file entry-v6.cif (mmCIF, C-alpha atoms)
data_input
#
loop_
_atom_site.label_atom_id
_atom_site.label_comp_id
_atom_site.auth_asym_id
_atom_site.auth_seq_id
_atom_site.Cartn_x
_atom_site.Cartn_y
_atom_site.Cartn_z
CA GLU A 461 82.74 115.34 119.58
CA ALA A 462 84.63 112.90 117.40
CA ASP A 463 87.50 111.05 119.05
CA ILE A 464 89.99 111.35 116.23
CA TYR A 465 93.20 113.27 116.67
CA GLN A 466 95.83 114.57 114.30
CA THR A 467 99.31 115.81 115.13
CA PRO A 468 100.94 118.10 114.42
CA ARG A 469 98.24 120.67 113.60
CA TYR A 470 100.80 122.88 111.87
CA LEU A 471 104.21 122.00 110.47
CA VAL A 472 106.74 124.11 108.55
CA ILE A 473 109.75 122.21 107.23
CA GLY A 474 112.46 122.48 104.62
CA THR A 475 112.65 120.62 101.33
CA GLY A 476 114.03 117.08 101.53
CA LYS A 477 112.96 116.40 105.11
CA LYS A 478 111.10 113.27 106.09
CA ILE A 479 107.83 113.89 107.90
CA THR A 480 105.14 111.77 109.49
CA LEU A 481 101.63 113.02 110.15
CA GLU A 482 99.97 111.14 112.97
CA CYS A 483 96.31 110.14 113.15
CA SER A 484 94.67 108.24 115.99
CA GLN A 485 91.06 107.36 116.75
CA THR A 486 89.59 105.85 119.89
CA MET A 487 86.24 104.79 118.44
CA GLY A 488 87.35 101.34 117.28
CA HIS A 489 86.52 102.19 113.67
CA ASP A 490 87.78 99.71 111.08
CA LYS A 491 88.06 102.12 108.12
CA MET A 492 90.44 105.09 108.04
CA TYR A 493 91.21 107.65 105.35
CA TRP A 494 93.62 110.41 104.41
CA TYR A 495 92.40 113.36 102.35
CA GLN A 496 94.42 116.19 100.87
CA GLN A 497 92.51 119.45 100.78
CA ASP A 498 93.67 122.12 98.36
CA PRO A 499 93.00 125.87 98.78
CA GLY A 500 90.02 125.47 96.47
CA MET A 501 88.35 123.37 99.20
CA GLU A 502 88.05 120.11 97.26
CA LEU A 503 88.78 116.92 99.21
CA HIS A 504 91.10 114.48 97.42
CA LEU A 505 91.27 110.93 98.77
CA ILE A 506 94.93 109.87 98.82
CA HIS A 507 94.92 106.73 101.02
CA TYR A 508 92.47 104.53 102.85
CA SER A 509 92.42 101.38 104.92
CA TYR A 510 89.75 98.75 105.54
CA GLY A 511 91.46 97.51 108.69
CA VAL A 512 94.75 96.31 110.17
CA ASN A 513 97.38 95.52 107.52
CA SER A 514 95.13 96.91 104.79
CA THR A 515 96.16 100.02 102.82
CA GLU A 516 94.89 101.25 99.46
CA LYS A 517 95.73 104.19 97.23
CA GLY A 518 93.00 106.74 96.68
CA ASP A 519 91.86 108.70 93.67
CA LEU A 520 94.67 111.25 93.79
CA SER A 521 98.19 110.03 93.20
CA SER A 522 100.41 110.86 96.14
CA GLU A 523 104.08 110.36 96.94
CA SER A 524 103.15 109.70 100.56
CA THR A 525 102.86 106.26 102.17
CA VAL A 526 100.69 104.96 105.00
CA SER A 527 100.66 102.03 107.38
CA ARG A 528 97.96 100.38 109.52
CA ILE A 529 99.63 98.22 112.14
CA ARG A 530 97.03 98.98 114.81
CA THR A 531 93.32 99.64 114.43
CA GLU A 532 93.51 103.03 116.08
CA HIS A 533 96.58 104.39 114.30
CA PHE A 534 97.01 105.45 110.63
CA PRO A 535 100.17 107.54 110.11
CA LEU A 536 101.07 109.20 106.80
CA THR A 537 104.73 109.58 105.82
CA LEU A 538 106.53 111.71 103.25
CA GLU A 539 110.10 110.46 102.75
CA SER A 540 111.34 113.65 101.11
CA ALA A 541 109.07 116.67 101.34
CA ARG A 542 108.82 119.16 98.47
CA PRO A 543 107.04 122.52 98.16
CA SER A 544 104.36 120.78 96.04
CA HIS A 545 103.39 118.81 99.17
CA THR A 546 102.28 122.00 100.90
CA SER A 547 98.64 121.41 101.75
CA GLN A 548 96.07 120.62 104.41
CA TYR A 549 95.87 116.90 105.26
CA LEU A 550 92.70 115.52 106.85
CA CYS A 551 92.38 112.12 108.49
CA ALA A 552 89.00 110.42 108.92
CA SER A 553 87.51 107.16 110.16
CA SER A 554 84.25 105.25 109.83
CA ALA A 555 82.68 102.05 111.10
CA THR A 556 81.45 99.50 108.58
CA THR A 557 79.27 97.86 111.22
CA LYS A 558 77.28 101.07 111.74
CA ASN A 559 76.08 100.81 108.13
CA THR A 560 75.76 104.59 107.86
CA GLY A 561 78.96 105.50 106.10
CA GLU A 562 79.39 108.59 108.30
CA LEU A 563 82.98 109.80 108.35
CA PHE A 564 84.50 111.37 111.46
CA PHE A 565 87.25 113.84 110.60
CA GLY A 566 90.20 115.10 112.57
CA GLU A 567 90.96 118.82 112.64
CA GLY A 568 93.68 118.52 110.03
CA SER A 569 97.43 118.96 109.70
CA ARG A 570 98.56 121.98 107.74
CA LEU A 571 101.92 121.27 106.12
CA THR A 572 104.14 123.97 104.61
CA VAL A 573 107.30 122.91 102.81
CA LEU A 574 109.78 125.71 102.12
CA GLY B 587 82.62 104.85 89.64
CA GLU B 588 80.43 107.43 91.30
CA ASN B 589 80.60 111.07 90.24
CA VAL B 590 79.11 113.81 92.42
CA GLU B 591 78.58 117.34 91.09
CA GLN B 592 77.90 120.17 93.54
CA HIS B 593 76.63 123.71 92.82
CA PRO B 594 77.18 126.52 93.44
CA SER B 595 80.83 126.70 94.47
CA THR B 596 80.17 129.98 96.30
CA LEU B 597 76.92 131.25 97.80
CA SER B 598 76.48 134.63 99.42
CA VAL B 599 73.25 135.49 101.29
CA GLN B 600 71.95 138.03 103.76
CA GLU B 601 71.22 136.94 107.30
CA GLY B 602 67.68 135.57 107.51
CA ASP B 603 67.56 134.48 103.87
CA SER B 604 67.39 130.85 102.76
CA ALA B 605 70.28 129.01 101.14
CA VAL B 606 70.07 126.02 98.81
CA ILE B 607 72.96 123.83 97.67
CA LYS B 608 72.39 121.19 95.01
CA CYS B 609 74.17 117.95 94.18
CA THR B 610 73.77 115.33 91.47
CA TYR B 611 75.18 111.81 91.44
CA SER B 612 75.68 109.24 88.72
CA ASP B 613 75.62 105.78 90.35
CA SER B 614 72.09 104.44 90.85
CA ALA B 615 73.49 102.04 93.49
CA SER B 616 74.21 104.97 95.85
CA ASN B 617 71.79 104.92 98.76
CA TYR B 618 73.35 107.11 101.45
CA PHE B 619 73.70 110.88 101.06
CA PRO B 620 75.37 112.83 103.87
CA TRP B 621 76.09 116.54 104.14
CA TYR B 622 79.15 117.85 105.96
CA LYS B 623 79.93 121.33 107.28
CA GLN B 624 83.53 122.48 107.55
CA GLU B 625 84.22 125.53 109.68
CA LEU B 626 87.46 127.46 109.36
CA GLY B 627 90.40 125.57 110.81
CA LYS B 628 88.42 122.39 111.47
CA GLY B 629 87.62 119.11 109.77
CA PRO B 630 84.24 118.49 108.10
CA GLN B 631 81.44 117.37 110.40
CA LEU B 632 78.22 115.57 109.50
CA ILE B 633 75.17 117.84 109.85
CA ILE B 634 72.43 115.78 108.22
CA ASP B 635 72.05 112.71 106.03
CA ILE B 636 69.36 110.94 104.06
CA ARG B 637 68.86 107.43 102.77
CA SER B 638 67.34 106.45 99.45
CA ASN B 639 64.10 105.21 101.00
CA VAL B 640 63.31 108.72 102.26
CA GLY B 641 62.44 111.79 100.16
CA GLU B 642 62.97 114.52 102.73
CA LYS B 643 64.46 114.94 106.18
CA LYS B 644 64.43 117.98 108.48
CA ASP B 645 66.43 119.01 111.51
CA GLN B 646 65.46 122.45 112.79
CA ARG B 647 66.61 124.97 110.15
CA ILE B 648 68.23 122.36 107.94
CA ALA B 649 66.49 120.06 105.48
CA VAL B 650 67.65 117.69 102.80
CA THR B 651 65.59 116.46 99.84
CA LEU B 652 66.32 113.51 97.57
CA ASN B 653 65.02 112.73 94.11
CA LYS B 654 66.24 109.23 93.23
CA THR B 655 64.70 109.27 89.78
CA ALA B 656 66.59 112.40 88.79
CA LYS B 657 69.63 111.45 90.91
CA HIS B 658 69.84 114.73 92.72
CA PHE B 659 69.68 115.88 96.32
CA SER B 660 69.70 119.31 97.94
CA LEU B 661 70.49 120.99 101.24
CA HIS B 662 68.17 123.74 102.40
CA ILE B 663 69.06 126.13 105.21
CA THR B 664 66.34 128.53 106.33
CA GLU B 665 66.72 131.72 108.39
CA THR B 666 70.47 131.73 107.84
CA GLN B 667 72.73 133.10 110.56
CA PRO B 668 76.36 134.28 110.42
CA GLU B 669 77.45 131.07 112.17
CA ASP B 670 76.14 129.12 109.17
CA SER B 671 79.07 130.56 107.19
CA ALA B 672 81.26 127.57 106.29
CA VAL B 673 82.13 125.17 103.50
CA TYR B 674 79.48 122.51 102.85
CA PHE B 675 80.15 119.17 101.16
CA CYS B 676 77.66 116.67 99.83
CA ALA B 677 78.60 113.02 99.39
CA ALA B 678 77.16 109.78 98.05
CA SER B 679 77.92 106.16 98.83
CA ALA B 680 76.38 102.74 98.37
CA SER B 681 75.46 100.08 100.90
CA GLY B 682 76.07 102.13 103.99
CA GLY B 683 79.54 101.72 105.38
CA SER B 684 80.81 99.19 102.89
CA TYR B 685 81.86 101.66 100.26
CA ILE B 686 84.11 104.71 100.12
CA PRO B 687 82.01 107.90 99.84
CA THR B 688 82.42 110.25 96.89
CA PHE B 689 82.41 113.94 97.82
CA GLY B 690 81.25 116.97 95.88
CA ARG B 691 83.71 119.81 95.40
CA GLY B 692 82.25 121.94 98.18
CA THR B 693 80.22 125.14 98.50
CA SER B 694 81.50 128.15 100.40
CA LEU B 695 78.47 129.74 102.10
CA ILE B 696 78.86 133.31 103.32
CA VAL B 697 76.07 134.80 105.46
CA HIS B 698 76.29 138.57 105.74
CA PRO B 699 74.96 140.11 108.97
#

call {"tool": "encode", "arguments": {"input": "entry-v6.cif", "output": "structure tokens"}}
result
Amino acid sequence: EADIYQTPRYLVIGTGKKITLECSQTMGHDKMYWYQQDPGMELHLIHYSYGVNSTEKGDLSSESTVSRIRTEHFPLTLESARPSHTSQYLCASSATTKNTGELFFGEGSRLTVL
Amino acid sequence: GENVEQHPSTLSVQEGDSAVIKCTYSDSASNYFPWYKQELGKGPQLIIDIRSNVGEKKDQRIAVTLNKTAKHFSLHITETQPEDSAVYFCAASASGGSYIPTFGRGTSLIVHP
């Protein structure tokens, strides 16, 4: 079992609200990622981090922002949610030192914006 | 950058049949090729992986083959069972954990009892 947790698992909010999706891992992994998964299954990398105080934008442009103040914590924030942000968001982590590249995923946060 | 193509997008088989999912990659520097299984309502989970110095790897009913010359790798599931029904993703990355993996678009496998 991977020790990576996402909250909330499900969230329904109205347009214009600010939301933060939480992601925490207890494995001491240096790298963390956020993926957006559309109904067609494809995983789109939206943010990643190499370690504390490191954040990078992924392949898919996103209006969300992330922060990495602590190794174990990588929250994603939407300042003003819109219906187009409705999606499944997956957080993951990996350890560079393991030299395998294996990603450990959380169970996801399903966001619905009305 | 790396580009990973995955086929088919949907695969429907009868219980007991074999299933094969194929991926191609473009970057010859890629040397780590994992496969993830995503069950409904969960995040993807690693089921098997292979490195570029190995041509084939087996784990019970699951096997992965790699052809570095042709830049393609495949997942083989034998004696499929209904619990194998899930979405499967292939991925490729270089130098182990130093690089961000590139994922295929996923294959939805349906095993009919």

call {"tool": "closest_residue", "arguments": {"input": "entry-v6.cif", "among": "B:Ser694, B:Thr610, B:Ser595, B:Asn617", "to": "Ser660 in chain B", "atoms": "all atoms listed in the file"}}
result
B:Thr610

call {"tool": "residues_near_point", "arguments": {"input": "entry-v6.cif", "point": "(62.4, 104.1, 101.2)", "cutoff": "12 Å", "atoms": "only C-alpha atoms", "output": "ChimeraX atom specification"}}
result
/B:617-618,636-642,652-654

call {"tool": "closest_residue", "arguments": {"input": "entry-v6.cif", "among": "B:Ile648, B:Val590, B:Ile663, B:Val606", "to": "chain A", "atoms": "only C-alpha atoms"}}
result
B:Val590

call {"tool": "interface_residues", "arguments": {"input": "entry-v6.cif", "of": "chain A", "to": "chain B", "cutoff": "9 Å", "atoms": "all atoms listed in the file", "output": "list in words"}}
result
Ala462, Lys491, Gly500, Met501, Glu502, Leu503, His504, Tyr508, Leu550, Cys551, Ala552, Ser554, Ala555, Thr556, Thr557, Lys558, Asn559, Thr560, Gly561, Glu562, Leu563, Phe564, Phe565, Gly566, Glu567 and Gly568 of chain A

call {"tool": "residues_near_point", "arguments": {"input": "entry-v6.cif", "point": "(76.3, 132.3, 111.8)", "cutoff": "9 Å", "atoms": "only C-alpha atoms", "output": "PyMOL selection string"}}
result
chain B and resi 601+666-672+696-699

call {"tool": "resolve_selection", "arguments": {"input": "entry-v6.cif", "expression": "the PyMOL selection byres ((chain A and resi 466-468) around 12)", "output": "ChimeraX atom specification"}}
result
/A:462-465,469-472,479-485,494,532-536,548-553,565-572 /B:628-629

call {"tool": "atom_distance", "arguments": {"input": "entry-v6.cif", "atom1": "CA of Ala605 in chain B", "atom2": "CA of Ala656 in chain B"}}
result
21.0 Å

call {"tool": "atom_distance", "arguments": {"input": "entry-v6.cif", "atom1": "CA of Ile634 in chain B", "atom2": "CA of Glu588 in chain B"}}
result
20.5 Å

call {"tool": "residues_around", "arguments": {"input": "entry-v6.cif", "residues": "Glu539 in chain A", "least_positions_apart": "4", "cutoff": "9 Å", "atoms": "all atoms listed in the file", "output": "VMD selection string"}}
result
chain A and resid 476 to 480 523 to 525

call {"tool": "closest_residue", "arguments": {"input": "entry-v6.cif", "among": "A:Val526, A:His545, A:Gly488, A:Pro499", "to": "Ser514 in chain A", "atoms": "all atoms listed in the file"}}
result
A:Val526

call {"tool": "closest_residue", "arguments": {"input": "entry-v6.cif", "among": "B:Lys657, B:His662, B:Lys643, B:Lys623", "to": "Ser604 in chain B", "atoms": "all atoms listed in the file"}}
result
B:His662

call {"tool": "atom_distance", "arguments": {"input": "entry-v6.cif", "atom1": "CA of Leu574 in chain A", "atom2": "CA of Gln496 in chain A"}}
result
18.1 Å

call {"tool": "resolve_selection", "arguments": {"input": "entry-v6.cif", "expression": "the PyMOL selection byres ((chain B and resi 594) around 8)", "output": "JSON, numbers by chain"}}
result
{"B": [592, 593, 595, 596, 597, 607, 608, 693]}
